[in-house]
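Okay, entry.txt now, which holds compact mmCIF, C-alpha atoms and all ligand atoms:
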# COMPACT_ATOMS: atom_id res chain seq x y z
CA MET S 271 0.00 0.00 0.00
CA ASP S 272 1.22 3.50 -0.80
CA THR S 273 1.64 5.31 2.51
CA VAL S 274 3.20 8.53 1.21
CA GLN S 275 0.91 11.47 1.91
CA PRO S 276 0.98 14.51 -0.38
CA PRO S 277 2.53 17.43 1.46
CA VAL S 278 0.40 20.38 2.50
CA LEU S 279 1.94 23.82 2.84
CA ARG S 280 1.29 25.48 6.20
CA THR S 281 0.57 29.16 5.72
CA SER S 282 3.36 30.12 8.11
CA SER S 283 5.94 27.88 6.44
CA PRO S 284 8.72 29.70 4.63
CA LEU S 285 9.37 28.34 1.17
CA THR S 286 12.91 27.38 0.28
CA LEU S 287 14.46 26.49 -3.05
CA ARG S 288 17.31 24.00 -3.15
CA PRO S 289 18.90 21.54 -5.62
CA MET S 290 17.11 18.22 -6.10
CA THR S 291 19.05 15.14 -4.99
CA ALA S 292 18.50 11.44 -5.59
CA ALA S 293 17.17 11.20 -2.03
CA ASP S 294 14.31 13.53 -3.02
CA TRP S 295 13.05 11.15 -5.70
CA PRO S 296 10.25 9.42 -3.68
CA ALA S 297 8.78 12.83 -2.81
CA VAL S 298 9.36 14.23 -6.30
CA ARG S 299 7.77 11.15 -7.80
CA GLU S 300 4.74 11.56 -5.53
CA VAL S 301 4.22 15.17 -6.61
CA TYR S 302 4.73 14.13 -10.24
CA ALA S 303 2.13 11.34 -9.90
CA ALA S 304 -0.40 13.76 -8.38
CA GLY S 305 0.07 16.10 -11.34
CA ILE S 306 -0.33 13.26 -13.82
CA ALA S 307 -3.54 12.22 -12.09
CA THR S 308 -5.12 15.60 -12.87
CA GLY S 309 -5.03 14.74 -16.57
CA LEU S 310 -4.09 18.39 -17.21
CA ALA S 311 -0.34 18.33 -16.83
CA THR S 312 1.18 15.87 -19.30
CA PHE S 313 0.66 13.07 -21.80
CA GLU S 314 2.50 10.73 -19.43
CA THR S 315 0.38 8.22 -17.54
CA GLU S 316 2.93 7.45 -14.82
CA PRO S 317 6.20 8.92 -13.60
CA PRO S 318 9.44 7.56 -15.04
CA SER S 319 12.03 5.65 -13.01
CA TRP S 320 14.69 7.68 -11.24
CA THR S 321 17.22 6.19 -13.67
CA ALA S 322 15.31 7.52 -16.68
CA PHE S 323 14.63 10.88 -15.03
CA ASP S 324 18.26 11.26 -13.97
CA ALA S 325 19.55 10.35 -17.43
CA THR S 326 17.51 13.01 -19.23
CA ARG S 327 17.24 16.04 -16.90
CA LEU S 328 20.14 18.46 -16.83
CA PRO S 329 22.11 18.38 -13.57
CA GLY S 330 22.30 21.85 -12.08
CA HIS S 331 18.79 22.73 -13.20
CA ARG S 332 16.73 20.39 -11.04
CA HIS S 333 15.30 22.18 -8.04
CA VAL S 334 12.83 21.43 -5.27
CA ALA S 335 10.74 23.78 -3.16
CA THR S 336 10.47 22.80 0.49
CA ASP S 337 8.53 24.09 3.47
CA GLY S 338 9.86 24.88 6.93
CA SER S 339 9.90 21.20 7.86
CA GLY S 340 11.93 20.29 4.78
CA ALA S 341 9.02 18.52 3.03
CA VAL S 342 9.22 18.66 -0.76
CA LEU S 343 6.28 20.70 -2.08
CA GLY S 344 7.26 20.83 -5.73
CA TRP S 345 9.98 20.44 -8.29
CA VAL S 346 11.24 21.75 -11.61
CA ALA S 347 13.64 20.19 -14.10
CA CYS S 348 14.58 20.50 -17.75
CA SER S 349 16.14 18.61 -20.66
CA ARG S 350 17.95 19.77 -23.76
CA GLU S 351 15.52 20.19 -26.62
CA SER S 352 17.92 19.03 -29.31
CA PRO S 353 21.41 17.56 -29.63
CA ARG S 354 22.22 20.14 -32.33
CA GLU S 355 24.87 22.68 -31.39
CA ALA S 356 22.71 25.55 -32.64
CA TYR S 357 20.16 24.74 -29.94
CA ALA S 358 22.63 24.02 -27.12
CA GLY S 359 20.97 26.70 -24.99
CA VAL S 360 17.36 25.61 -25.53
CA VAL S 361 15.67 23.47 -22.89
CA GLU S 362 12.24 22.02 -22.25
CA HIS S 363 11.05 22.00 -18.66
CA SER S 364 8.44 20.56 -16.31
CA VAL S 365 7.17 22.15 -13.08
CA TYR S 366 4.94 20.43 -10.54
CA VAL S 367 3.60 21.51 -7.16
CA ALA S 368 1.76 19.19 -4.75
CA PRO S 369 -2.02 19.75 -4.81
CA GLY S 370 -2.12 20.81 -1.17
CA ALA S 371 0.63 23.38 -1.68
CA GLN S 372 -0.59 25.13 -4.82
CA GLY S 373 -1.48 28.79 -4.97
CA ARG S 374 1.10 29.88 -2.39
CA GLY S 375 4.03 30.84 -4.58
CA ALA S 376 5.88 27.52 -4.86
CA GLY S 377 5.42 27.34 -8.63
CA ARG S 378 6.72 30.87 -9.04
CA LEU S 379 9.71 30.13 -6.77
CA LEU S 380 10.56 27.00 -8.77
CA LEU S 381 10.20 28.56 -12.20
CA GLN S 382 12.14 31.67 -11.18
CA GLY S 383 14.81 29.33 -9.82
CA LEU S 384 14.99 27.60 -13.18
CA VAL S 385 15.22 30.93 -15.02
CA ASP S 386 18.05 32.01 -12.71
CA SER S 387 20.05 28.78 -12.86
CA THR S 388 19.71 28.42 -16.63
CA GLU S 389 20.64 32.03 -17.36
CA ALA S 390 23.69 31.68 -15.09
CA ASP S 391 24.64 28.61 -17.15
CA GLY S 392 24.33 30.30 -20.55
CA ILE S 393 20.96 28.77 -21.49
CA TRP S 394 18.91 31.24 -23.52
CA THR S 395 15.49 29.70 -24.13
CA ILE S 396 13.16 27.72 -21.88
CA ARG S 397 10.04 26.19 -23.35
CA SER S 398 7.25 23.82 -22.53
CA ALA S 399 4.03 22.42 -23.94
CA VAL S 400 0.91 23.19 -21.90
CA PHE S 401 -2.58 21.81 -22.36
CA PRO S 402 -4.98 24.70 -23.15
CA ALA S 403 -7.17 23.75 -20.19
CA ASN S 404 -4.26 24.09 -17.75
CA THR S 405 -5.07 27.69 -16.84
CA GLY S 406 -2.93 27.62 -13.70
CA SER S 407 0.17 26.63 -15.62
CA LEU S 408 -0.53 29.22 -18.34
CA ALA S 409 -0.93 31.92 -15.68
CA LEU S 410 2.29 30.92 -13.94
CA HIS S 411 4.28 30.91 -17.18
CA GLU S 412 2.87 34.26 -18.27
CA ARG S 413 3.90 35.79 -14.93
CA LEU S 414 7.47 34.58 -15.45
CA GLY S 415 7.82 36.12 -18.91
CA PHE S 416 6.81 33.21 -21.11
CA ARG S 417 4.73 33.87 -24.22
CA VAL S 418 2.46 31.52 -26.12
CA LEU S 419 4.03 30.71 -29.50
CA GLY S 420 1.07 28.87 -30.88
CA ARG S 421 -1.22 25.93 -30.67
CA ARG S 422 -0.33 22.49 -31.96
CA GLU S 423 -3.56 20.73 -32.93
CA ARG S 424 -4.10 17.14 -31.82
CA VAL S 425 -0.33 16.79 -31.71
CA GLY S 426 -0.17 14.01 -29.16
CA ARG S 427 -2.23 11.19 -27.79
CA ARG S 428 -2.64 9.68 -24.37
CA ILE S 429 -3.29 5.96 -24.42
CA VAL S 430 -5.15 4.51 -21.44
CA ASP S 431 -6.40 0.93 -21.48
CA GLY S 432 -5.71 0.77 -25.20
CA ARG S 433 -7.83 3.84 -25.97
CA ALA S 434 -6.23 6.94 -27.42
CA THR S 435 -7.39 10.49 -26.74
CA TRP S 436 -5.86 13.26 -28.84
CA HIS S 437 -4.87 16.62 -27.43
CA ASP S 438 -3.79 20.08 -28.54
CA VAL S 439 -0.94 21.80 -26.71
CA LEU S 440 0.12 25.42 -26.44
CA LEU S 441 3.84 26.02 -26.86
CA VAL S 442 5.12 28.47 -24.24
CA GLU S 443 8.60 29.93 -24.41
CA ARG S 444 10.77 32.39 -22.52
CA ARG S 445 13.69 33.99 -24.35
CA SER S 446 16.36 35.32 -21.99
CA ARG S 447 17.25 38.98 -22.43
CA VAL S 448 20.66 38.46 -20.82
CA VAL S 449 22.08 35.37 -22.57
CA GLY S 450 23.05 35.87 -26.21
CA TRP S 451 20.71 38.80 -26.66
CA GLU S 452 23.12 41.53 -27.73
CA ASP S 453 26.13 40.69 -29.87
C1 LIG B 1 0.85 24.98 -12.49
C2 LIG B 1 1.43 24.91 -11.10
C3 LIG B 1 2.89 24.45 -11.17
C4 LIG B 1 1.38 26.32 -10.46
O1 LIG B 1 2.04 26.25 -9.20
P1 LIG B 1 1.53 27.11 -7.95
O2 LIG B 1 2.46 26.89 -6.83
O3 LIG B 1 0.10 26.83 -7.71
O4 LIG B 1 1.67 28.59 -8.53
P2 LIG B 1 1.98 29.92 -7.68
O5 LIG B 1 1.20 29.89 -6.41
O6 LIG B 1 3.43 30.12 -7.57
O7 LIG B 1 1.36 31.03 -8.64
C5 LIG B 1 2.18 31.71 -9.59
C6 LIG B 1 1.33 32.72 -10.32
O8 LIG B 1 0.41 32.05 -11.17
C7 LIG B 1 -0.93 32.39 -10.82
N1 LIG B 1 -1.73 31.18 -10.82
C8 LIG B 1 -1.38 29.96 -10.35
N2 LIG B 1 -2.41 29.10 -10.50
C9 LIG B 1 -3.41 29.80 -11.06
C10 LIG B 1 -4.75 29.48 -11.46
N3 LIG B 1 -5.23 28.23 -11.31
N4 LIG B 1 -5.50 30.44 -12.01
C11 LIG B 1 -5.04 31.69 -12.17
N5 LIG B 1 -3.78 32.08 -11.80
C12 LIG B 1 -3.00 31.13 -11.27
C13 LIG B 1 -0.87 32.95 -9.43
O9 LIG B 1 -1.88 33.92 -9.22
C14 LIG B 1 0.52 33.56 -9.36
O10 LIG B 1 0.53 34.87 -9.87
P3 LIG B 1 1.17 36.04 -8.97
O11 LIG B 1 2.52 35.55 -8.52
O12 LIG B 1 1.24 37.18 -9.91
O13 LIG B 1 0.23 36.22 -7.84
C15 LIG B 1 0.59 23.96 -10.19
O14 LIG B 1 -0.76 24.33 -10.28
C16 LIG B 1 0.74 22.50 -10.54
O15 LIG B 1 1.71 21.85 -10.15
N6 LIG B 1 -0.24 21.92 -11.29
C17 LIG B 1 -0.22 20.48 -11.58
C18 LIG B 1 0.97 20.09 -12.47
C19 LIG B 1 1.00 20.93 -13.72
O16 LIG B 1 -0.02 21.16 -14.38
N7 LIG B 1 2.22 21.37 -14.06
C20 LIG B 1 2.45 22.16 -15.26
C21 LIG B 1 2.61 21.28 -16.45
S1 LIG B 1 2.73 22.28 -17.94

Once more with this new file: its structure as structure tokens, please.
Ligand SMILES: CC(C)(COP(=O)(O)OP(=O)(O)OC[C@H]1O[C@@H](n2cnc3c(N)ncnc32)[C@H](O)[C@@H]1OP(=O)(O)O)[C@@H](O)C(=O)NCCC(=O)NCCS
Amino acid sequence: MDTVQPPVLRTSSPLTLRPMTAADWPAVREVYAAGIATGLATFETEPPSWTAFDATRLPGHRHVATDGSGAVLGWVACSRESPREAYAGVVEHSVYVAPGAQGRGAGRLLLQGLVDSTEADGIWTIRSAVFPANTGSLALHERLGFRVLGRRERVGRRIVDGRATWHDVLLVERRSRVVGWED
């Protein structure tokens, strides 16, 4: 039986951002699974293994938000979009906050942390694909300087019990104004 309880942010708890470690994976996985269960966050139907996650997400740009007790409330991570040298500074990210901790600034803290760490590392563009119905994610990204590039129609499918449902996504992207902007 799964005994891990989703964390709930206490109003008085200070939020802290710190690097994600392998020891955080059970908590990160739990938050990831809760986001998947909403049906609004991703095409995935279950979280990956730590091995797969670790192999594809850039070290140095995986962060967790914790409360005063140290409980993981959310996480952010990114992968290179393409192996091509031209796009070496372009990443695709994911950001997830536990249901009981949403609406208190954890998403903003995480995404700002990703903007800061990537810009410090010479990464110039962060992007993601967001389901049109995910108004919370769209609002968060807009606040952090992302713009909607466009809508990809029925670009992906989620297969559950052998049945496929097709979905549009909105491409959101933030171009740094400090990395590679003036030359
Ligand atoms: C999307 C998500 C990460 C937002 O995290 P959060 O901690 O709730 O967001 P925050 O409290 O930091 O809010 C950040 C900003 O977005 C706005 N916002 C967040 N959720 C919102 C909503 N549902 N409707 C309107 N605005 C919203 C807030 O008002 C805030 O703006 P402000 O800083 O100007 O006041 C969170 O809802 C989540 O994890 N959802 C499930 C997983 C998911 O969908 N991930 C994104 C995949 S693309």

What do you get as a ChimeraX atom specification if you pick all residues at most 9 Å from ligand LIG 1 (chain B), counting all atoms listed in the file?
/S:301-302,304-312,343-346,363-369,371-381,398-401,404-414

Gap from CA of Glu351 in chain S to CA of Thr286 in chain S - Å, one decimal:
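CA of Thr286 in chain S lies 28.0 Å from CA of Glu351 in chain S.
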
Would you write out, as JSON lines, a table of all residues in range 344-404 of chain S that have an atom no more than 10 Å from an atom of range 319-326 of chain S, listing for each the closest atom pair and the distance in Å to one decimal, considering only C-alpha atoms and ordering rows by chain and rising residue number?
{"residue": "S:Ala347", "atom": "CA", "partner": "S:Phe323", "partner_atom": "CA", "distance": 9.4}
{"residue": "S:Cys348", "atom": "CA", "partner": "S:Thr326", "partner_atom": "CA", "distance": 8.2}
{"residue": "S:Ser349", "atom": "CA", "partner": "S:Thr326", "partner_atom": "CA", "distance": 5.9}
{"residue": "S:Arg350", "atom": "CA", "partner": "S:Thr326", "partner_atom": "CA", "distance": 8.1}

With C-alpha atoms kept, could you save the residues just selected as a JSON list (two decimals), keeping the file's coordinate frame?
[["chain", "number", "residue", "atom", "x", "y", "z"],
["S", 347, "ALA", "CA", 13.64, 20.19, -14.10],
["S", 348, "CYS", "CA", 14.58, 20.50, -17.75],
["S", 349, "SER", "CA", 16.14, 18.61, -20.66],
["S", 350, "ARG", "CA", 17.95, 19.77, -23.76]]

Taking all atoms listed in the file into account, which of S:Pro353, S:Pro318, S:Gly432, S:Pro402 comes nearest Ala303 in chain S?
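Among the listed residues, the smallest separation from Ala303 in chain S belongs to S:Pro318.
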
Non-local contacts of Gly340 in chain S (10 Å; only C-alpha atoms; under 4 positions in same chain excluded) as a list in words
Ser283, Pro284, Leu285, Thr286, Ala335 and Thr336 of chain S

Would you work out the distance separating CA of Leu287 in chain S from CA of Glu300 in chain S, expressed in Å to one decimal?
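Pair CA of Leu287 in chain S / CA of Glu300 in chain S returns 18.0 Å.
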
Tell me, in Å to one decimal, how far CA of Arg444 in chain S is from CA of Val425 in chain S.
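Taking CA of Arg444 in chain S and CA of Val425 in chain S, their separation equals 21.2 Å.
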
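Restricting the calculation to only C-alpha atoms, the smallest distance between Asp431 in chain S and any of S:Pro296, S:Pro289, S:Leu384, S:Thr315 is found for S:Thr315.
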
For range 418-422 of chain S, find every residue with an atom within 9 Å (counting all atoms listed in the file), except residues of its own chain fewer than 6 positions away, and show them as a PDB file with C-alpha atoms, keeping the file's coordinate frame.
ATOM      1  CA  PRO S 402      -4.980  24.700 -23.150  1.00  0.00           C
ATOM      2  CA  LEU S 408      -0.530  29.220 -18.340  1.00  0.00           C
ATOM      3  CA  GLU S 412       2.870  34.260 -18.270  1.00  0.00           C
ATOM      4  CA  HIS S 437      -4.870  16.620 -27.430  1.00  0.00           C
ATOM      5  CA  ASP S 438      -3.790  20.080 -28.540  1.00  0.00           C
ATOM      6  CA  VAL S 439      -0.940  21.800 -26.710  1.00  0.00           C
ATOM      7  CA  LEU S 440       0.120  25.420 -26.440  1.00  0.00           C
ATOM      8  CA  LEU S 441       3.840  26.020 -26.860  1.00  0.00           C
ATOM      9  CA  VAL S 442       5.120  28.470 -24.240  1.00  0.00           C
ATOM     10  CA  GLU S 443       8.600  29.930 -24.410  1.00  0.00           C
TER      11      GLU S 443
END

Pick out the residues sitting within 8 Å of Gly359 in chain S, and hand them over as a list in words; count all atoms listed in the file, and ignore anything fewer than 6 positions along from it in its own chain.
Arg350, Gly392, Ile393, Trp394 and Thr395 of chain S

Write out, as a PDB file, in the coordinates of the input, the residues just selected, with C-alpha atoms.
ATOM      1  CA  ARG S 350      17.950  19.770 -23.760  1.00  0.00           C
ATOM      2  CA  GLY S 392      24.330  30.300 -20.550  1.00  0.00           C
ATOM      3  CA  ILE S 393      20.960  28.770 -21.490  1.00  0.00           C
ATOM      4  CA  TRP S 394      18.910  31.240 -23.520  1.00  0.00           C
ATOM      5  CA  THR S 395      15.490  29.700 -24.130  1.00  0.00           C
TER       6      THR S 395
END

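When only C-alpha atoms are used to compute distances to Tyr357 in chain S, the closest of the residues S:Pro317, S:Gly370, S:Asp453, S:Ile396 turns out to be S:Ile396.
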